[in-house]
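In what follows, a structure is listed as structure tokens, so that the remarks can point back to it.
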Amino acid sequence: MDGQDLAAYKAARERVGLIALADRGKIHATGPDRVSFLHNMISNDVEKLEEMSGRHSTFLTARGKIVAEFHIYKLPYFLLLDLDSKAVGKTVATLGKYIIMDEVALSDCSSQWAHFSLQGPRSTDLLKELAGSDLPSEHLQARPATWQSTPIWVIHKADLAKEGFEVLLPAGQGDTFRQAALESGRGLGIRQVGELARQALRVEAAIPLYGAEVDESRYPMEARLDDALDFSKGCYIGQEVVAKATYIGGVARLLVQLQMEGRQVPPAASRLLDPTGNKAGTLTSSAYSPGLGHPIALGYVKKKYAQPGQTLEVSVADGETIQAQVVERFL
């Protein structure tokens, strides 16, 4: 991590960091049956979701594996699904197969939105200057606002820092907003956060990434997506498998956070070995954490190794190993 990435990381931790979320896609659900249809499809409750609020959820296969992991927001006249852009096409196509008598339409509207995240203790100050004082205060609460005569949505979402927001606005205004945020935030110490710093912040926060920690080979319980599951709602696709794995059989592997010695950051897909040299799991994401001063990682391990304090070894090139330890939470 060079000086620019380090400054961006520190800004998100201590002041405010701006992240362009160009890798996020959007699905709109419209029509009078949009709420009931998605309520019967996805793993969290949509019917009880309050207007202008969001919720974490997943869409699963019939075998309980993850097709997509996303946040769903109940906005006026439509539901908005915010998910990794690589999962949009598959999600629209698969959900569409279940539309029979329902009056609902699903569309990929990714190109219509520009999406930014402002993370850090001064993010509130910056957004008040840009969009006024009526900001959402509850987690995943959304509020309409106006910036330079442009209607925007502001979402309270502190995922990479203790305070943070996301801003959605028309795609054509994205570059102008980014420049305005950087200019207005100059006195607050704003920095634009690139991929290396963002990766470090994400791994510190143990946020699963589609294609790394989340895909159709994983159950949501393995990925620790407990807040994306509602165990009191009725049936949805994959619900029976989720219930059995939760209350009866469990899962064989769990996603864990790991910290490592030294400064070498092992690559994703590195093998994790137990103290006897047998395979215990696999790394999925790794980064160097400036805040902790050593490499960190996410990985899947066999359930018996998923306890904080468990010592493992990461197998790297030429038969070398790096000592690693399962931790409760980084920061």
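Residues are referred to by chain and number: the chain letter is A, B, ... according to the order shown in the structure tokens, the number counts from 1 in that chain, and ligands are numbered separately from 1 in the order shown.
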Kindly assemble as JSON lines a list of the segment 47-131 of chain A residues that lie within 12 Å of segment 156-176 of chain A, each paired with its nearest atom pair and their distance in Å to one decimal, using only C-alpha atoms, sorted first by chain and then by ascending residue number.
```
{"residue": "A:Met52", "atom": "CA", "partner": "A:His156", "partner_atom": "CA", "distance": 11.1}
{"residue": "A:Ser53", "atom": "CA", "partner": "A:His156", "partner_atom": "CA", "distance": 9.5}
{"residue": "A:Gly54", "atom": "CA", "partner": "A:His156", "partner_atom": "CA", "distance": 9.7}
{"residue": "A:Arg55", "atom": "CA", "partner": "A:Lys157", "partner_atom": "CA", "distance": 10.9}
{"residue": "A:His56", "atom": "CA", "partner": "A:Lys157", "partner_atom": "CA", "distance": 11.4}
{"residue": "A:His71", "atom": "CA", "partner": "A:Lys157", "partner_atom": "CA", "distance": 10.7}
{"residue": "A:Tyr73", "atom": "CA", "partner": "A:His156", "partner_atom": "CA", "distance": 11.8}
{"residue": "A:Leu80", "atom": "CA", "partner": "A:Leu168", "partner_atom": "CA", "distance": 11.1}
{"residue": "A:Asp82", "atom": "CA", "partner": "A:Leu168", "partner_atom": "CA", "distance": 10.6}
{"residue": "A:Cys109", "atom": "CA", "partner": "A:Ala171", "partner_atom": "CA", "distance": 10.4}
{"residue": "A:Ser110", "atom": "CA", "partner": "A:Ala171", "partner_atom": "CA", "distance": 8.9}
{"residue": "A:Ser111", "atom": "CA", "partner": "A:Ala171", "partner_atom": "CA", "distance": 6.7}
{"residue": "A:Gln112", "atom": "CA", "partner": "A:Ala171", "partner_atom": "CA", "distance": 5.2}
{"residue": "A:Trp113", "atom": "CA", "partner": "A:Ala171", "partner_atom": "CA", "distance": 4.4}
{"residue": "A:Ala114", "atom": "CA", "partner": "A:Ala171", "partner_atom": "CA", "distance": 4.3}
{"residue": "A:His115", "atom": "CA", "partner": "A:Leu168", "partner_atom": "CA", "distance": 4.8}
{"residue": "A:Phe116", "atom": "CA", "partner": "A:Val167", "partner_atom": "CA", "distance": 5.2}
{"residue": "A:Ser117", "atom": "CA", "partner": "A:Glu166", "partner_atom": "CA", "distance": 4.3}
{"residue": "A:Leu118", "atom": "CA", "partner": "A:Phe165", "partner_atom": "CA", "distance": 5.3}
{"residue": "A:Gln119", "atom": "CA", "partner": "A:Gly164", "partner_atom": "CA", "distance": 4.2}
{"residue": "A:Gly120", "atom": "CA", "partner": "A:Glu163", "partner_atom": "CA", "distance": 5.3}
{"residue": "A:Pro121", "atom": "CA", "partner": "A:Glu163", "partner_atom": "CA", "distance": 5.5}
{"residue": "A:Arg122", "atom": "CA", "partner": "A:Glu163", "partner_atom": "CA", "distance": 8.0}
{"residue": "A:Ser123", "atom": "CA", "partner": "A:Gly164", "partner_atom": "CA", "distance": 6.0}
{"residue": "A:Thr124", "atom": "CA", "partner": "A:Gly164", "partner_atom": "CA", "distance": 7.4}
{"residue": "A:Asp125", "atom": "CA", "partner": "A:Gly164", "partner_atom": "CA", "distance": 10.7}
{"residue": "A:Leu126", "atom": "CA", "partner": "A:Phe165", "partner_atom": "CA", "distance": 10.4}
{"residue": "A:Leu127", "atom": "CA", "partner": "A:Phe165", "partner_atom": "CA", "distance": 8.5}
{"residue": "A:Lys128", "atom": "CA", "partner": "A:Phe165", "partner_atom": "CA", "distance": 11.4}
{"residue": "A:Leu130", "atom": "CA", "partner": "A:Val167", "partner_atom": "CA", "distance": 10.9}
{"residue": "A:Ala131", "atom": "CA", "partner": "A:Val167", "partner_atom": "CA", "distance": 10.1}
```
Save out the residues we just selected, N, CA and C atoms, as a PDB file, in the first residue's frame.
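This went into again-v5.pdb:
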```
ATOM      1  N   MET A  52     -39.208   3.670   2.851  1.00  0.00           N
ATOM      2  CA  MET A  52     -37.981   4.458   2.925  1.00  0.00           C
ATOM      3  C   MET A  52     -36.928   3.799   3.800  1.00  0.00           C
ATOM      4  N   SER A  53     -36.936   2.471   3.830  1.00  0.00           N
ATOM      5  CA  SER A  53     -35.959   1.727   4.611  1.00  0.00           C
ATOM      6  C   SER A  53     -35.439   0.557   3.794  1.00  0.00           C
ATOM      7  N   GLY A  54     -34.328  -0.009   4.268  1.00  0.00           N
ATOM      8  CA  GLY A  54     -33.720  -1.126   3.578  1.00  0.00           C
ATOM      9  C   GLY A  54     -33.476  -2.300   4.487  1.00  0.00           C
ATOM     10  N   ARG A  55     -33.068  -3.402   3.870  1.00  0.00           N
ATOM     11  CA  ARG A  55     -32.828  -4.632   4.609  1.00  0.00           C
ATOM     12  C   ARG A  55     -31.832  -5.475   3.816  1.00  0.00           C
ATOM     13  N   HIS A  56     -30.992  -6.207   4.517  1.00  0.00           N
ATOM     14  CA  HIS A  56     -30.051  -7.141   3.904  1.00  0.00           C
ATOM     15  C   HIS A  56     -30.795  -8.427   3.570  1.00  0.00           C
ATOM     16  N   HIS A  71     -28.888  -5.609  -0.772  1.00  0.00           N
ATOM     17  CA  HIS A  71     -29.747  -4.809   0.095  1.00  0.00           C
ATOM     18  C   HIS A  71     -30.968  -4.407  -0.715  1.00  0.00           C
ATOM     19  N   TYR A  73     -34.412  -1.991  -0.810  1.00  0.00           N
ATOM     20  CA  TYR A  73     -34.974  -0.758  -0.261  1.00  0.00           C
ATOM     21  C   TYR A  73     -36.396  -0.575  -0.764  1.00  0.00           C
ATOM     22  N   LEU A  80     -35.987  -1.334  -4.736  1.00  0.00           N
ATOM     23  CA  LEU A  80     -34.657  -1.237  -5.324  1.00  0.00           C
ATOM     24  C   LEU A  80     -33.756  -2.300  -4.709  1.00  0.00           C
ATOM     25  N   ASP A  82     -29.925  -3.478  -4.497  1.00  0.00           N
ATOM     26  CA  ASP A  82     -28.544  -3.041  -4.717  1.00  0.00           C
ATOM     27  C   ASP A  82     -27.642  -4.248  -4.524  1.00  0.00           C
ATOM     28  N   CYS A 109     -31.582  -1.795 -13.969  1.00  0.00           N
ATOM     29  CA  CYS A 109     -31.525  -0.336 -14.098  1.00  0.00           C
ATOM     30  C   CYS A 109     -30.166   0.213 -13.653  1.00  0.00           C
ATOM     31  N   SER A 110     -29.155  -0.646 -13.716  1.00  0.00           N
ATOM     32  CA  SER A 110     -27.833  -0.251 -13.235  1.00  0.00           C
ATOM     33  C   SER A 110     -27.326   1.003 -13.926  1.00  0.00           C
ATOM     34  N   SER A 111     -27.570   1.121 -15.221  1.00  0.00           N
ATOM     35  CA  SER A 111     -27.031   2.245 -15.989  1.00  0.00           C
ATOM     36  C   SER A 111     -27.694   3.569 -15.645  1.00  0.00           C
ATOM     37  N   GLN A 112     -28.799   3.527 -14.903  1.00  0.00           N
ATOM     38  CA  GLN A 112     -29.519   4.758 -14.568  1.00  0.00           C
ATOM     39  C   GLN A 112     -28.966   5.447 -13.327  1.00  0.00           C
ATOM     40  N   TRP A 113     -28.139   4.746 -12.551  1.00  0.00           N
ATOM     41  CA  TRP A 113     -27.725   5.255 -11.254  1.00  0.00           C
ATOM     42  C   TRP A 113     -26.220   5.491 -11.187  1.00  0.00           C
ATOM     43  N   ALA A 114     -25.836   6.556 -10.506  1.00  0.00           N
ATOM     44  CA  ALA A 114     -24.473   6.722  -9.996  1.00  0.00           C
ATOM     45  C   ALA A 114     -24.540   6.457  -8.498  1.00  0.00           C
ATOM     46  N   HIS A 115     -23.527   5.815  -7.953  1.00  0.00           N
ATOM     47  CA  HIS A 115     -23.596   5.325  -6.570  1.00  0.00           C
ATOM     48  C   HIS A 115     -22.272   5.616  -5.876  1.00  0.00           C
ATOM     49  N   PHE A 116     -22.356   6.310  -4.733  1.00  0.00           N
ATOM     50  CA  PHE A 116     -21.159   6.666  -3.970  1.00  0.00           C
ATOM     51  C   PHE A 116     -21.355   6.319  -2.501  1.00  0.00           C
ATOM     52  N   SER A 117     -20.240   6.067  -1.849  1.00  0.00           N
ATOM     53  CA  SER A 117     -20.221   5.859  -0.398  1.00  0.00           C
ATOM     54  C   SER A 117     -19.330   6.915   0.231  1.00  0.00           C
ATOM     55  N   LEU A 118     -19.802   7.499   1.314  1.00  0.00           N
ATOM     56  CA  LEU A 118     -19.018   8.432   2.121  1.00  0.00           C
ATOM     57  C   LEU A 118     -18.869   7.817   3.499  1.00  0.00           C
ATOM     58  N   GLN A 119     -17.638   7.447   3.862  1.00  0.00           N
ATOM     59  CA  GLN A 119     -17.391   6.740   5.105  1.00  0.00           C
ATOM     60  C   GLN A 119     -16.425   7.529   5.984  1.00  0.00           C
ATOM     61  N   GLY A 120     -16.726   7.573   7.289  1.00  0.00           N
ATOM     62  CA  GLY A 120     -15.845   8.241   8.230  1.00  0.00           C
ATOM     63  C   GLY A 120     -16.598   9.216   9.120  1.00  0.00           C
ATOM     64  N   PRO A 121     -15.985   9.647  10.213  1.00  0.00           N
ATOM     65  CA  PRO A 121     -16.669  10.492  11.196  1.00  0.00           C
ATOM     66  C   PRO A 121     -17.090  11.862  10.682  1.00  0.00           C
ATOM     67  N   ARG A 122     -16.498  12.343   9.585  1.00  0.00           N
ATOM     68  CA  ARG A 122     -16.896  13.644   9.046  1.00  0.00           C
ATOM     69  C   ARG A 122     -17.854  13.515   7.856  1.00  0.00           C
ATOM     70  N   SER A 123     -18.333  12.312   7.581  1.00  0.00           N
ATOM     71  CA  SER A 123     -19.250  12.127   6.453  1.00  0.00           C
ATOM     72  C   SER A 123     -20.562  12.868   6.667  1.00  0.00           C
ATOM     73  N   THR A 124     -21.031  12.940   7.907  1.00  0.00           N
ATOM     74  CA  THR A 124     -22.259  13.686   8.189  1.00  0.00           C
ATOM     75  C   THR A 124     -22.080  15.161   7.872  1.00  0.00           C
ATOM     76  N   ASP A 125     -20.954  15.725   8.287  1.00  0.00           N
ATOM     77  CA  ASP A 125     -20.691  17.140   8.025  1.00  0.00           C
ATOM     78  C   ASP A 125     -20.674  17.423   6.527  1.00  0.00           C
ATOM     79  N   LEU A 126     -20.048  16.541   5.765  1.00  0.00           N
ATOM     80  CA  LEU A 126     -19.958  16.755   4.325  1.00  0.00           C
ATOM     81  C   LEU A 126     -21.331  16.675   3.669  1.00  0.00           C
ATOM     82  N   LEU A 127     -22.141  15.688   4.055  1.00  0.00           N
ATOM     83  CA  LEU A 127     -23.448  15.549   3.433  1.00  0.00           C
ATOM     84  C   LEU A 127     -24.393  16.680   3.820  1.00  0.00           C
ATOM     85  N   LYS A 128     -24.257  17.195   5.029  1.00  0.00           N
ATOM     86  CA  LYS A 128     -25.071  18.354   5.403  1.00  0.00           C
ATOM     87  C   LYS A 128     -24.755  19.548   4.514  1.00  0.00           C
ATOM     88  N   LEU A 130     -23.580  19.310   1.429  1.00  0.00           N
ATOM     89  CA  LEU A 130     -23.980  19.020   0.059  1.00  0.00           C
ATOM     90  C   LEU A 130     -25.488  18.951  -0.122  1.00  0.00           C
ATOM     91  N   ALA A 131     -26.197  18.362   0.850  1.00  0.00           N
ATOM     92  CA  ALA A 131     -27.610  18.022   0.640  1.00  0.00           C
ATOM     93  C   ALA A 131     -28.542  18.496   1.735  1.00  0.00           C
TER      94      ALA A 131
END
```
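Running DSSP on the backbone and keeping only alpha helix (DSSP H), the residues of segment 157-310 of chain A that qualify are Gly174, Asp175, Thr176, Phe177, Arg178, Gln179, Ala180, Ala181, Leu182, Glu183, Ser184, Glu195, Leu196, Ala197, Arg198, Gln199, Ala200, Leu201, Arg202, Val203, Glu204, Gln239, Glu240, Val241, Val242, Ala243 and Lys244 of chain A.
Contact shell of Ala306 of chain A at 12 Å (only C-alpha atoms; same-chain neighbours under 6 positions omitted): Glu222, Arg224, Val251, Ala252, Arg253, Leu254, Leu255, Val256, Gln257, Leu258, Leu272, Asp274, Ala280, Gly281, Leu298, Gly299, Tyr300, Leu312, Gln325, Val326, Val327 and Glu328 of chain A.
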*asked:* Please list as number ranges by chain every residue within 12 Å of Thr321 of chain A, counting only C-alpha atoms and excluding residues in the same chain fewer than 3 positions away.
replied: A: 260-262, 264-266, 270-275, 277, 312-318, 324
*Could you pull out the strand (DSSP E or B) residues of segment 142-200 of chain A from DSSP and send them as a PyMOL selection string?*
chain A and resi 142-147+150-156+164-170+191-192
